[in-house]
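Novice: Below is the structure I would like to discuss, written out as C-alpha cells.
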Amino acid sequence: MNKDTIIDDYKKKILLLQKYNKQYHSEDKPTISDQEFDLLKKNIIDLENKYQFLKSKYSPSKYVGFKPSKNFQKLKHRVPMLSLGNAFNENDLKNFEKKMINFLSLKNTDLITYSVEPKIDGISASIIYKNGKFTRGLSRGDGVEGEDITQNLKTIKDIPLVINKNNFPEEIDIRGEVFIENNDFKKIEDKFANPRNAASGSLRQKDSLITNKMPLKFIAYTYGYVKKLNIENQTTFLKNLKLWGFKTNPFNKEISGIKNLMLNHKKLEEKRKEMAFDIDGVVYKVNNFDLQKRLGFAANAPRWAIAHKFSANSAISEIMNIEIQVGRTGALTPVAKIKPVNIGGVIVSNATLHNEDEINRKDIRIGDTVNVERAGDVIPHVVSVDFKKRKKFFNTFNFPLKCPSCGGQTIKDYNEITKKQDAVRRCASEGFTCEKIAIEKIKHFVSKDAFNIDGFGKKIVENFWDLRLIKLPQDIFNLDYDKIENLEGWGKLSVANLKFSIESKKKVSLERFIYSLGIRHIGQENAKLIAKHLKTAINFFKLSNEANINKLVNIDGIGNTQLNSIKKFFINQNNLKVLSDLGKNLSISNVALVNNEGLLKSKTFMLTGKLNGISRAEAKSLIEQNSGKIISNINKKLDYLIIGEKPTAKKVNAAKKLNIKVIDQKGWMKMLNKTS
Ligand code: IVH
C-alpha cells in the first residue's frame, strides 16, 4: 500500500469512529456493538503505531467521547436538587433532632436512626436513567434548573452507562458527587486552586475531550425523581446503589443518638487527612423514607437532613486596612483587608469583622496580627487578635457614624425579642437613594434565587451601574443594547445572549417576584408564604394600602417584624414607582395550588387543642397537601373546626354559634380516608 492509500484508510476509520461516537453519546442510538467499537478503536491505534506519519486530533489515543455543543442547554430537574442546612456543634444537632421530634410529635425517647455519610467536597450531579440506560446528566444549577452536561458526565468511568438489574427502577435520577482524589489532584495542582475547583472546572467546560482527560470520580448517595422504588430506607438504598454498579462511600454508617453522631464526627475528622478525597463534614439523613416524606422540606433544604461541618482551617495574617461595606439592607459590615494568605488551598485577602460590636468586643485594630478562619464556602472571618504583637501606635478603630456611601444617618435597631440594641449599624435610608444599597439590591434582584438572569453577574451589575445603564431594577428590562454592544468585552452574540436571558425571565412567579424585591425580613420562605396567601400580583400591589398589610398577620409565620418591614417598603414612593414600572414590564403568574383536586378540596379548617401523634405543623401541611386551606379566624368562611385534647372552649362555642362543623381527629382522618 502506498502512503496516500494508508492515509485515506486511516481518515475513513477516524470518520467512522466519530460517527459511532456521535450515535452513542449524542443520539443514544448506537448501531454497532461495544466490541465492534473497541475493535475499530484498536485498529486506528495500531495503524498510528505502525505509521508514525498518521495523526489526527480526533484520534482515540487522544480522547474518547464526542464534543458537546457550545452552550449547555438548561433543563428543569424533575425533582429539585436541594441543599442542606449546616450544623457546627452538638447544640445545633440537638436542635435539629428536637425540631423533627416536635414536627413528628414523637415522644422524646423515640430514637431516630440516621444514615451517616461523609460529605464529599465536590460537585453534585443528577443522572437520569430510563430502562436502565444513562439518558441524560445534569449539573445542579440553581437547584430547579440544571445544565445538560451529559457528554462530560459520560466520560466518568464510575457512572454506569447501562444497568441490567431487575430491581433497578424503570426510571430514576441517581444523584451523587463528582470529585477528584487528592493524589490525582497533585498532577494538575498548578492549574487549579483545589480539587473542588478542578472538578467543577472540568465538568462544566465545553469540551468533553478535555473532561475525558481529567481523573473525575463519582460517588452516588441519593435519588431525585423515581418511578416505583420499593425500598424503605436510605441505608438499604445505598446498598442497592452498590448492587446496581455505583460506587458508594466506604465510610457510610447507620447511627442513632446525638452522642454517637458526635463520636463518629470526631473519628472522621481525625481520619480526614488520610482519606483519598476531601470531605468537609458529615451528612445525617433520617434513615426511614416514610419519616422523610412526613418531614418534607422547608424553603431550600429538607427537614430530615443536615450537614455537620468540620471545624475550619485557619491561618495567621496582618490587617492592612478596615473597609466598611454597605449591604442590601443597609448593614455596615467592616471587612479586614489582610496580607494574602493561603487557607486550605484558597488565597484569602479579605476577612469579615461582622459588625461594629464585634470590632469593639475583640478590640480589633489596623496593623494587628490576627487568626483568620475559613470553613467551606462561608466567608473567612477574623477569630482573634495576637495582642503580644500589637504596637503602641495602633489606634482604636473608629466605626463611622455616617453611611460611607451616601453620607446619611445610621441607626442601630432595637430588637423587640432580645430587648437589646442590634449589633449591626445600618444606613437609615430607604429605597434606592443610597448608591451602595441600590447596587446591592439590583444584585439581589438578578441573583439565582430571585430573577436568576443568566450572565448578569455581580460584576456586570457594577459595570452597568458605573456606566449609568441601570439605576433601578426596572432598567434591566429597558437596556440600551446598542450601547452595550459597543462596550469593551461585548459583541453581537453576547448581547443577544443577554437579551435572551432577560426576555426569558419576564414571566415570573409571584413568590420569586416578592423575594426579588429584597424587602428586609422577607426571605424565600416568607415570600412563599405571602405569595401563597395573596395568590395574585394585584393583591400584592394592593399592599400599598396599609390596612391590607395588617391582614397578612393571619399568615402563620408572619409576625410584627415582617409586617413593619413591609410597611416601610410600601410607604416609600421610590419603591412604589419600582413596583409599578416592574408591573408594566413583567408577567407575574398567579399562584396555582399544587394539588387542587385533593380530598379536602375547597374546604377550610382550623385547629384547636392537642392532636394525638401529629404535630400542628404536620397537621397543617397534611391539610394543604390535600388541597384544604387553613384559616386562623373563626368566621363564616370556616368549614371545619378540628378539636384535639383540651380545645379552647371559646373557639368551640364560637364555631357552634356559626353552625360550623366541629370534628375530632378521628372525623378528620376519615375525611382523608385514613383510619388512624
Ligand atoms: S444529600 C436533599 N448526601 O452536599 C439532599 N449531599 O449542601 C441533598 N453532598 O449539594 C443532598 N455528600 O453536593 C447529600 N452524602 C451526601 C453528600 C451530599 C456531599 C453535597 C451535595 C449537596 C451538598 C448539600
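We name chains A, B, ... following the order of the C-alpha cells; residues begin at 1 in each chain, and ligands are numbered from 1 as shown.
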Using DSSP on the backbone coordinates, identify the residues of region 83-303 of chain A assigned to helix (DSSP H, G or I); present them as a JSON list (two decimals) with N, CA and C atoms, in the first residue's frame.

Specialist:
```json
[["chain", "number", "residue", "atom", "x", "y", "z"],
["A", 90, "GLU", "N", -22.66, 20.26, 68.79],
["A", 90, "GLU", "CA", -23.63, 19.34, 69.38],
["A", 90, "GLU", "C", -24.98, 20.02, 69.58],
["A", 91, "ASN", "N", -24.91, 21.28, 69.96],
["A", 91, "ASN", "CA", -26.15, 22.01, 70.20],
["A", 91, "ASN", "C", -27.01, 22.12, 68.94],
["A", 92, "ASP", "N", -26.34, 22.42, 67.83],
["A", 92, "ASP", "CA", -27.05, 22.51, 66.54],
["A", 92, "ASP", "C", -27.72, 21.17, 66.22],
["A", 93, "LEU", "N", -27.02, 20.08, 66.55],
["A", 93, "LEU", "CA", -27.58, 18.75, 66.26],
["A", 93, "LEU", "C", -28.79, 18.47, 67.13],
["A", 94, "LYS", "N", -28.66, 18.87, 68.41],
["A", 94, "LYS", "CA", -29.79, 18.66, 69.33],
["A", 94, "LYS", "C", -31.02, 19.41, 68.83],
["A", 95, "ASN", "N", -30.79, 20.64, 68.37],
["A", 95, "ASN", "CA", -31.92, 21.44, 67.86],
["A", 95, "ASN", "C", -32.54, 20.80, 66.63],
["A", 96, "PHE", "N", -31.68, 20.31, 65.76],
["A", 96, "PHE", "CA", -32.13, 19.66, 64.52],
["A", 96, "PHE", "C", -33.04, 18.48, 64.87],
["A", 97, "GLU", "N", -32.59, 17.67, 65.83],
["A", 97, "GLU", "CA", -33.37, 16.48, 66.19],
["A", 97, "GLU", "C", -34.66, 16.88, 66.92],
["A", 98, "LYS", "N", -34.53, 17.88, 67.79],
["A", 98, "LYS", "CA", -35.70, 18.30, 68.56],
["A", 98, "LYS", "C", -36.81, 18.82, 67.64],
["A", 99, "LYS", "N", -36.41, 19.60, 66.65],
["A", 99, "LYS", "CA", -37.40, 20.14, 65.71],
["A", 99, "LYS", "C", -38.15, 19.02, 65.01],
["A", 100, "MET", "N", -37.41, 17.97, 64.64],
["A", 100, "MET", "CA", -38.06, 16.85, 63.94],
["A", 100, "MET", "C", -38.99, 16.11, 64.89],
["A", 101, "ILE", "N", -38.51, 15.92, 66.13],
["A", 101, "ILE", "CA", -39.34, 15.20, 67.11],
["A", 101, "ILE", "C", -40.64, 15.96, 67.34],
["A", 102, "ASN", "N", -40.54, 17.30, 67.42],
["A", 102, "ASN", "CA", -41.75, 18.10, 67.59],
["A", 102, "ASN", "C", -42.66, 18.00, 66.37],
["A", 103, "PHE", "N", -42.06, 18.11, 65.21],
["A", 103, "PHE", "CA", -42.85, 18.07, 63.97],
["A", 103, "PHE", "C", -43.59, 16.75, 63.85],
["A", 104, "LEU", "N", -42.89, 15.68, 64.21],
["A", 104, "LEU", "CA", -43.49, 14.35, 64.05],
["A", 104, "LEU", "C", -44.31, 13.96, 65.27],
["A", 150, "THR", "N", -24.47, 16.02, 29.94],
["A", 150, "THR", "CA", -24.46, 14.58, 29.63],
["A", 150, "THR", "C", -23.11, 14.12, 29.08],
["A", 151, "GLN", "N", -22.60, 14.83, 28.07],
["A", 151, "GLN", "CA", -21.37, 14.36, 27.41],
["A", 151, "GLN", "C", -20.21, 14.30, 28.38],
["A", 152, "ASN", "N", -20.09, 15.32, 29.22],
["A", 152, "ASN", "CA", -18.99, 15.34, 30.18],
["A", 152, "ASN", "C", -19.15, 14.23, 31.21],
["A", 153, "LEU", "N", -20.37, 14.04, 31.68],
["A", 153, "LEU", "CA", -20.59, 13.00, 32.70],
["A", 153, "LEU", "C", -20.35, 11.61, 32.13],
["A", 182, "ASN", "N", -7.27, 13.27, 45.96],
["A", 182, "ASN", "CA", -6.13, 14.13, 46.27],
["A", 182, "ASN", "C", -4.87, 13.76, 45.49],
["A", 183, "ASN", "N", -4.61, 12.46, 45.34],
["A", 183, "ASN", "CA", -3.41, 12.02, 44.60],
["A", 183, "ASN", "C", -3.45, 12.47, 43.15],
["A", 184, "ASP", "N", -4.64, 12.31, 42.54],
["A", 184, "ASP", "CA", -4.79, 12.72, 41.15],
["A", 184, "ASP", "C", -4.64, 14.24, 41.02],
["A", 185, "PHE", "N", -5.11, 14.95, 42.05],
["A", 185, "PHE", "CA", -5.06, 16.42, 42.00],
["A", 185, "PHE", "C", -3.62, 16.91, 41.94],
["A", 186, "LYS", "N", -2.72, 16.17, 42.64],
["A", 186, "LYS", "CA", -1.31, 16.59, 42.68],
["A", 186, "LYS", "C", -0.74, 16.80, 41.28],
["A", 195, "PRO", "N", -9.00, 20.67, 44.69],
["A", 195, "PRO", "CA", -9.65, 19.60, 43.93],
["A", 195, "PRO", "C", -11.08, 19.95, 43.51],
["A", 196, "ARG", "N", -11.79, 20.67, 44.37],
["A", 196, "ARG", "CA", -13.18, 21.01, 44.06],
["A", 196, "ARG", "C", -13.26, 21.89, 42.81],
["A", 197, "ASN", "N", -12.39, 22.92, 42.77],
["A", 197, "ASN", "CA", -12.36, 23.80, 41.59],
["A", 197, "ASN", "C", -12.01, 23.01, 40.34],
["A", 198, "ALA", "N", -11.08, 22.06, 40.49],
["A", 198, "ALA", "CA", -10.66, 21.27, 39.35],
["A", 198, "ALA", "C", -11.84, 20.45, 38.83],
["A", 199, "ALA", "N", -12.60, 19.85, 39.76],
["A", 199, "ALA", "CA", -13.74, 19.03, 39.36],
["A", 199, "ALA", "C", -14.78, 19.90, 38.68],
["A", 200, "SER", "N", -15.07, 21.03, 39.31],
["A", 200, "SER", "CA", -16.10, 21.91, 38.77],
["A", 200, "SER", "C", -15.70, 22.44, 37.40],
["A", 201, "GLY", "N", -14.44, 22.86, 37.27],
["A", 201, "GLY", "CA", -13.95, 23.41, 36.02],
["A", 201, "GLY", "C", -14.05, 22.40, 34.89],
["A", 202, "SER", "N", -13.60, 21.17, 35.18],
["A", 202, "SER", "CA", -13.56, 20.21, 34.08],
["A", 202, "SER", "C", -14.94, 19.67, 33.74],
["A", 203, "LEU", "N", -15.84, 19.68, 34.71],
["A", 203, "LEU", "CA", -17.18, 19.16, 34.46],
["A", 203, "LEU", "C", -18.02, 20.13, 33.64],
["A", 204, "ARG", "N", -17.74, 21.41, 33.84],
["A", 204, "ARG", "CA", -18.61, 22.38, 33.20],
["A", 204, "ARG", "C", -17.96, 23.08, 32.01],
["A", 208, "SER", "N", -15.77, 18.06, 25.95],
["A", 208, "SER", "CA", -15.75, 16.81, 26.71],
["A", 208, "SER", "C", -14.46, 16.02, 26.47],
["A", 209, "LEU", "N", -13.71, 16.41, 25.44],
["A", 209, "LEU", "CA", -12.42, 15.76, 25.22],
["A", 209, "LEU", "C", -11.49, 16.10, 26.37],
["A", 210, "ILE", "N", -11.60, 17.33, 26.86],
["A", 210, "ILE", "CA", -10.76, 17.75, 27.98],
["A", 210, "ILE", "C", -11.27, 17.07, 29.26],
["A", 211, "THR", "N", -12.60, 17.04, 29.42],
["A", 211, "THR", "CA", -13.17, 16.39, 30.60],
["A", 211, "THR", "C", -12.68, 14.95, 30.68],
["A", 212, "ASN", "N", -12.64, 14.32, 29.53],
["A", 212, "ASN", "CA", -12.25, 12.91, 29.50],
["A", 212, "ASN", "C", -10.83, 12.68, 30.03],
["A", 213, "LYS", "N", -10.00, 13.72, 29.90],
["A", 213, "LYS", "CA", -8.62, 13.57, 30.36],
["A", 213, "LYS", "C", -8.50, 13.78, 31.88],
["A", 234, "GLN", "N", -32.80, 4.69, 53.68],
["A", 234, "GLN", "CA", -31.61, 5.18, 52.97],
["A", 234, "GLN", "C", -30.48, 4.15, 52.98],
["A", 235, "THR", "N", -30.27, 3.45, 54.11],
["A", 235, "THR", "CA", -29.13, 2.52, 54.13],
["A", 235, "THR", "C", -29.36, 1.38, 53.14],
["A", 236, "THR", "N", -30.61, 0.92, 53.03],
["A", 236, "THR", "CA", -30.89, -0.12, 52.03],
["A", 236, "THR", "C", -30.72, 0.45, 50.63],
["A", 237, "PHE", "N", -31.12, 1.71, 50.45],
["A", 237, "PHE", "CA", -30.95, 2.34, 49.14],
["A", 237, "PHE", "C", -29.46, 2.37, 48.77],
["A", 238, "LEU", "N", -28.62, 2.75, 49.75],
["A", 238, "LEU", "CA", -27.17, 2.81, 49.48],
["A", 238, "LEU", "C", -26.63, 1.42, 49.09],
["A", 239, "LYS", "N", -27.13, 0.39, 49.80],
["A", 239, "LYS", "CA", -26.69, -0.98, 49.47],
["A", 239, "LYS", "C", -27.08, -1.32, 48.03],
["A", 240, "ASN", "N", -28.30, -0.93, 47.66],
["A", 240, "ASN", "CA", -28.76, -1.19, 46.30],
["A", 240, "ASN", "C", -27.93, -0.45, 45.26],
["A", 241, "LEU", "N", -27.55, 0.79, 45.59],
["A", 241, "LEU", "CA", -26.72, 1.55, 44.64],
["A", 241, "LEU", "C", -25.48, 0.74, 44.28],
["A", 242, "LYS", "N", -24.91, 0.12, 45.31],
["A", 242, "LYS", "CA", -23.70, -0.68, 45.11],
["A", 242, "LYS", "C", -23.99, -1.89, 44.20],
["A", 243, "LEU", "N", -25.14, -2.53, 44.49],
["A", 243, "LEU", "CA", -25.51, -3.69, 43.67],
["A", 243, "LEU", "C", -25.75, -3.29, 42.22],
["A", 244, "TRP", "N", -26.24, -2.07, 42.04],
["A", 244, "TRP", "CA", -26.54, -1.61, 40.67],
["A", 244, "TRP", "C", -25.27, -1.20, 39.91],
["A", 258, "ILE", "N", -27.42, 11.44, 69.43],
["A", 258, "ILE", "CA", -26.51, 12.56, 69.14],
["A", 258, "ILE", "C", -25.09, 12.27, 69.63],
["A", 259, "LYS", "N", -24.99, 11.65, 70.79],
["A", 259, "LYS", "CA", -23.64, 11.35, 71.34],
["A", 259, "LYS", "C", -22.85, 10.50, 70.34],
["A", 260, "ASN", "N", -23.51, 9.51, 69.76],
["A", 260, "ASN", "CA", -22.83, 8.63, 68.80],
["A", 260, "ASN", "C", -22.49, 9.36, 67.51],
["A", 261, "LEU", "N", -23.37, 10.30, 67.11],
["A", 261, "LEU", "CA", -23.07, 11.10, 65.91],
["A", 261, "LEU", "C", -21.81, 11.92, 66.16],
["A", 262, "MET", "N", -21.73, 12.48, 67.38],
["A", 262, "MET", "CA", -20.57, 13.31, 67.73],
["A", 262, "MET", "C", -19.28, 12.48, 67.70],
["A", 263, "LEU", "N", -19.34, 11.27, 68.25],
["A", 263, "LEU", "CA", -18.16, 10.40, 68.28],
["A", 263, "LEU", "C", -17.68, 10.07, 66.87],
["A", 264, "ASN", "N", -18.64, 9.73, 66.00],
["A", 264, "ASN", "CA", -18.31, 9.38, 64.62],
["A", 264, "ASN", "C", -17.71, 10.59, 63.89],
["A", 265, "HIS", "N", -18.28, 11.78, 64.15],
["A", 265, "HIS", "CA", -17.80, 13.03, 63.55],
["A", 265, "HIS", "C", -16.34, 13.25, 63.93],
["A", 266, "LYS", "N", -16.04, 13.03, 65.21],
["A", 266, "LYS", "CA", -14.67, 13.24, 65.71],
["A", 266, "LYS", "C", -13.71, 12.27, 65.02],
["A", 267, "LYS", "N", -14.14, 11.01, 64.94],
["A", 267, "LYS", "CA", -13.28, 9.98, 64.32],
["A", 267, "LYS", "C", -12.99, 10.34, 62.86],
["A", 268, "LEU", "N", -14.05, 10.73, 62.14],
["A", 268, "LEU", "CA", -13.87, 11.05, 60.72],
["A", 268, "LEU", "C", -12.97, 12.28, 60.54],
["A", 269, "GLU", "N", -13.12, 13.24, 61.45],
["A", 269, "GLU", "CA", -12.31, 14.46, 61.34],
["A", 269, "GLU", "C", -10.83, 14.10, 61.50],
["A", 270, "GLU", "N", -10.56, 13.13, 62.39],
["A", 270, "GLU", "CA", -9.18, 12.69, 62.58],
["A", 270, "GLU", "C", -8.66, 11.92, 61.35],
["A", 271, "LYS", "N", -9.56, 11.16, 60.75],
["A", 271, "LYS", "CA", -9.18, 10.33, 59.59],
["A", 271, "LYS", "C", -9.07, 11.14, 58.30],
["A", 272, "ARG", "N", -9.64, 12.33, 58.35],
["A", 272, "ARG", "CA", -9.81, 13.15, 57.15],
["A", 272, "ARG", "C", -8.55, 13.25, 56.30],
["A", 273, "LYS", "N", -7.41, 13.49, 56.98],
["A", 273, "LYS", "CA", -6.16, 13.70, 56.23],
["A", 273, "LYS", "C", -5.71, 12.46, 55.49],
["A", 274, "GLU", "N", -6.08, 11.27, 56.03],
["A", 274, "GLU", "CA", -5.63, 10.03, 55.38],
["A", 274, "GLU", "C", -6.53, 9.63, 54.22],
["A", 289, "PHE", "N", -37.61, 6.25, 55.02],
["A", 289, "PHE", "CA", -38.17, 7.06, 53.95],
["A", 289, "PHE", "C", -39.57, 7.60, 54.28],
["A", 290, "ASP", "N", -40.36, 6.84, 55.05],
["A", 290, "ASP", "CA", -41.70, 7.33, 55.43],
["A", 290, "ASP", "C", -41.56, 8.58, 56.29],
["A", 291, "LEU", "N", -40.63, 8.52, 57.25],
["A", 291, "LEU", "CA", -40.42, 9.70, 58.11],
["A", 291, "LEU", "C", -39.91, 10.87, 57.27],
["A", 292, "GLN", "N", -39.02, 10.60, 56.33],
["A", 292, "GLN", "CA", -38.52, 11.67, 55.45],
["A", 292, "GLN", "C", -39.68, 12.36, 54.74],
["A", 293, "LYS", "N", -40.59, 11.54, 54.24],
["A", 293, "LYS", "CA", -41.73, 12.06, 53.49],
["A", 293, "LYS", "C", -42.61, 12.94, 54.38],
["A", 294, "ARG", "N", -42.84, 12.45, 55.62],
["A", 294, "ARG", "CA", -43.66, 13.24, 56.55],
["A", 294, "ARG", "C", -42.98, 14.56, 56.89],
["A", 295, "LEU", "N", -41.67, 14.53, 57.08],
["A", 295, "LEU", "CA", -40.96, 15.75, 57.47],
["A", 295, "LEU", "C", -40.91, 16.77, 56.33]]
```

Novice: For the contact check between chain A and ligand 1, emit one row per residue of chain A within 7 Å, containing the shortest atom pair and the distance in Å rounded to one decimal, counting only C-alpha atoms and all ligand atoms, chain then rising number order, as a Markdown table.

Specialist:
```
| residue | atom | partner | partner_atom_place_in_ligand_line | distance |
| --- | --- | --- | --- | --- |
| A:Met81 | CA | ligand 1 | 2 (C) | 6.6 |
| A:Leu82 | CA | ligand 1 | 2 (C) | 5.0 |
| A:Ser83 | CA | ligand 1 | 7 (O) | 3.9 |
| A:Leu84 | CA | ligand 1 | 7 (O) | 4.0 |
| A:Gly85 | CA | ligand 1 | 7 (O) | 6.8 |
| A:Glu117 | CA | ligand 1 | 15 (N) | 4.8 |
| A:Pro118 | CA | ligand 1 | 15 (N) | 6.0 |
| A:Lys119 | CA | ligand 1 | 12 (N) | 3.6 |
| A:Ile120 | CA | ligand 1 | 19 (C) | 4.5 |
| A:Asp121 | CA | ligand 1 | 19 (C) | 6.2 |
| A:Gly122 | CA | ligand 1 | 13 (O) | 6.4 |
| A:Ile123 | CA | ligand 1 | 13 (O) | 5.4 |
| A:Ser124 | CA | ligand 1 | 13 (O) | 4.2 |
| A:Gly176 | CA | ligand 1 | 17 (C) | 6.9 |
| A:Glu177 | CA | ligand 1 | 13 (O) | 5.9 |
| A:Tyr221 | CA | ligand 1 | 15 (N) | 5.1 |
| A:Thr222 | CA | ligand 1 | 1 (S) | 6.1 |
| A:Val283 | CA | ligand 1 | 15 (N) | 5.7 |
| A:Ala301 | CA | ligand 1 | 2 (C) | 6.2 |
| A:Pro302 | CA | ligand 1 | 2 (C) | 5.6 |
| A:Ala305 | CA | ligand 1 | 5 (C) | 6.9 |
| A:Ala307 | CA | ligand 1 | 7 (O) | 6.8 |
```

Novice: Hey, what's within 7 Å of Arg175 (chain A) if we count only C-alpha atoms and toss same-chain stuff fewer than 6 positions away? As a list in words, please?

Specialist: Ala125, Ser126, Ile127, Ala220, Tyr221, Thr222, Tyr223 and Gly224 of chain A

Novice: Please produce an output containing C-alpha atoms for each residue in the selection, written as an mmCIF file, in the first residue's frame.

Specialist:
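Result went into part.cif, see below:
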```
data_model
loop_
_atom_site.group_PDB
_atom_site.id
_atom_site.type_symbol
_atom_site.label_atom_id
_atom_site.label_comp_id
_atom_site.auth_asym_id
_atom_site.auth_seq_id
_atom_site.Cartn_x
_atom_site.Cartn_y
_atom_site.Cartn_z
ATOM 1 C CA ALA A 125 -24.784 15.826 39.516
ATOM 2 C CA SER A 126 -28.031 14.093 38.609
ATOM 3 C CA ILE A 127 -28.016 11.168 36.169
ATOM 4 C CA ALA A 220 -23.701 8.102 44.445
ATOM 5 C CA TYR A 221 -25.803 8.925 47.520
ATOM 6 C CA THR A 222 -29.413 9.797 46.716
ATOM 7 C CA TYR A 223 -32.110 9.960 44.063
ATOM 8 C CA GLY A 224 -34.429 12.601 42.647
#
```

Novice: Out of A:Val553, A:Val346, A:Leu638, A:Val286, which residue has the shortest atom-to-atom distance to Ala375 (chain A) when counting only C-alpha atoms?

Specialist: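 Of A:Val553, A:Val346, A:Leu638, A:Val286, the one nearest Ala375 (chain A) is A:Val346, counting only C-alpha atoms.
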
Novice: Measuring atom to atom with only C-alpha atoms, identify which of A:Val348, A:Leu529, A:Ile255, A:Ile159 is nearest to Ser314 (chain A).

Specialist: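 Using only C-alpha atoms, Ser314 (chain A) sits closest to A:Val348.
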
Novice: With distances taken over only C-alpha atoms, which residue among A:Ile514, A:Val226, A:Ile338, A:Val144 lies nearest His381 (chain A)?

Specialist: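 Checking each candidate against His381 (chain A), we get A:Ile338 as the closest.
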
Novice: Would you mind listing what lies within 9 Å of Val382 (chain A) as a count of residues only, with only C-alpha atoms counted and same-chain residues fewer than 2 positions away left out?

Specialist: 12

Novice: Any idea what's packed within 9 Å of region 154-158 of chain A, counting only C-alpha atoms, ignoring anything in its chain fewer than 3 positions away? Could you give it as an MDAnalysis selection string?

Specialist: chainID A and resid 25 64:65 134 136:137 149:151 161 178 208:209 211:219 245:247

Novice: I'd like the contact shell of Arg520 (chain A) - 9 Å cut-off, only C-alpha atoms, skipping same-chain residues fewer than 3 positions apart - returned as a PDB file with C-alpha atoms, in the first residue's frame.

Specialist:
```
ATOM      1  CA  ARG A 328     -28.547  45.446  50.563  1.00  0.00           C
ATOM      2  CA  THR A 329     -30.346  46.013  53.858  1.00  0.00           C
ATOM      3  CA  GLY A 523     -36.558  35.835  52.555  1.00  0.00           C
ATOM      4  CA  GLN A 562     -42.114  41.273  58.858  1.00  0.00           C
ATOM      5  CA  SER A 565     -40.699  45.912  57.248  1.00  0.00           C
ATOM      6  CA  ILE A 566     -43.346  45.520  54.539  1.00  0.00           C
ATOM      7  CA  PHE A 569     -41.267  49.285  51.952  1.00  0.00           C
TER       8      PHE A 569
END
```

Novice: Can you check which parts of region 504-604 of chain A lie within 10 Å of region 474-495 of chain A? Per residue, the shortest pair of atoms and distance in Å to one decimal, counting only C-alpha atoms, sorted by chain and number, as JSON lines.

Specialist:
```
{"residue": "A:Lys505", "atom": "CA", "partner": "A:Phe477", "partner_atom": "CA", "distance": 9.7}
{"residue": "A:Lys506", "atom": "CA", "partner": "A:Phe477", "partner_atom": "CA", "distance": 8.2}
{"residue": "A:Lys577", "atom": "CA", "partner": "A:Gln474", "partner_atom": "CA", "distance": 9.5}
{"residue": "A:Val578", "atom": "CA", "partner": "A:Gln474", "partner_atom": "CA", "distance": 6.5}
{"residue": "A:Leu579", "atom": "CA", "partner": "A:Gln474", "partner_atom": "CA", "distance": 8.5}
{"residue": "A:Ser580", "atom": "CA", "partner": "A:Gln474", "partner_atom": "CA", "distance": 9.3}
{"residue": "A:Asp581", "atom": "CA", "partner": "A:Gln474", "partner_atom": "CA", "distance": 6.2}
{"residue": "A:Leu582", "atom": "CA", "partner": "A:Gln474", "partner_atom": "CA", "distance": 5.4}
{"residue": "A:Gly583", "atom": "CA", "partner": "A:Gln474", "partner_atom": "CA", "distance": 9.1}
{"residue": "A:Lys584", "atom": "CA", "partner": "A:Gln474", "partner_atom": "CA", "distance": 9.3}
{"residue": "A:Asn585", "atom": "CA", "partner": "A:Phe477", "partner_atom": "CA", "distance": 6.8}
{"residue": "A:Leu586", "atom": "CA", "partner": "A:Phe477", "partner_atom": "CA", "distance": 8.7}
```

Novice: I'd like to know which of A:Asn626, A:Asn398, A:Ser59, A:Ser317 is closest to Met669 (chain A), using only C-alpha atoms.

Specialist: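 Using only C-alpha atoms, the shortest distance to Met669 (chain A) belongs to A:Asn626.
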
Novice: Name the residues of region 326-481 of chain A that come out as strand (DSSP E) in a backbone DSSP run; write them as an MDAnalysis selection string.

Specialist: chainID A and resid 326 332:343 346:352 369:374 381:385 410:415 420:427

Novice: Please produce a file of the residues just selected, as a compact mmCIF listing (two decimals), in the first residue's frame, where the atoms kept are C-alpha atoms.

Specialist:
```txt
# COMPACT_ATOMS: atom_id res chain seq x y z
CA VAL A 326 -22.79 48.69 52.77
CA LEU A 332 -22.50 48.39 57.56
CA THR A 333 -20.12 45.44 57.55
CA PRO A 334 -16.48 46.02 58.43
CA VAL A 335 -14.11 43.96 56.30
CA ALA A 336 -10.44 43.47 57.14
CA LYS A 337 -8.10 43.72 54.17
CA ILE A 338 -5.40 41.26 55.19
CA LYS A 339 -2.00 40.28 53.78
CA PRO A 340 -2.90 37.49 51.34
CA VAL A 341 -2.58 34.09 52.99
CA ASN A 342 -3.28 30.51 51.84
CA ILE A 343 -6.01 28.84 53.90
CA VAL A 346 -7.58 29.18 48.78
CA ILE A 347 -5.80 32.54 48.83
CA VAL A 348 -7.62 34.79 51.28
CA SER A 349 -7.19 38.58 51.31
CA ASN A 350 -10.49 39.71 52.86
CA ALA A 351 -11.96 38.63 56.19
CA THR A 352 -15.20 39.82 57.67
CA THR A 369 -1.77 40.26 63.73
CA VAL A 370 -4.86 38.08 63.65
CA ASN A 371 -6.03 34.50 63.33
CA VAL A 372 -8.30 34.07 60.28
CA GLU A 373 -10.62 31.11 59.78
CA ARG A 374 -12.29 29.76 56.65
CA HIS A 381 -13.59 35.72 59.39
CA VAL A 382 -11.18 37.11 61.98
CA VAL A 383 -11.23 34.93 65.10
CA SER A 384 -8.79 36.59 67.46
CA VAL A 385 -6.04 39.20 67.87
CA THR A 410 -27.00 55.43 60.52
CA ILE A 411 -29.02 53.62 63.20
CA LYS A 412 -28.97 50.55 65.36
CA ASP A 413 -32.37 48.90 65.57
CA TYR A 414 -33.92 47.93 68.85
CA ASN A 415 -34.67 44.23 68.88
CA LYS A 420 -31.38 44.84 73.18
CA GLN A 421 -29.94 47.10 70.54
CA ASP A 422 -28.84 45.32 67.38
CA ALA A 423 -25.11 44.70 66.98
CA VAL A 424 -25.40 45.88 63.39
CA ARG A 425 -25.35 49.55 62.42
CA ARG A 426 -27.36 50.39 59.32
CA CYS A 427 -27.72 53.18 56.82
```

Novice: What lies within 8 Å of Ile660 (chain A) using only C-alpha atoms, ignoring chain neighbours under 6 positions off, as number ranges by chain?

Specialist: A: 636, 638-641

Novice: Taking only C-alpha atoms into account, name the residue in A:Lys13, A:Arg468, A:Lys532, A:Tyr129 that is nearest to Leu552 (chain A).

Specialist: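 Distance minimum relative to Leu552 (chain A) lands on A:Lys532.
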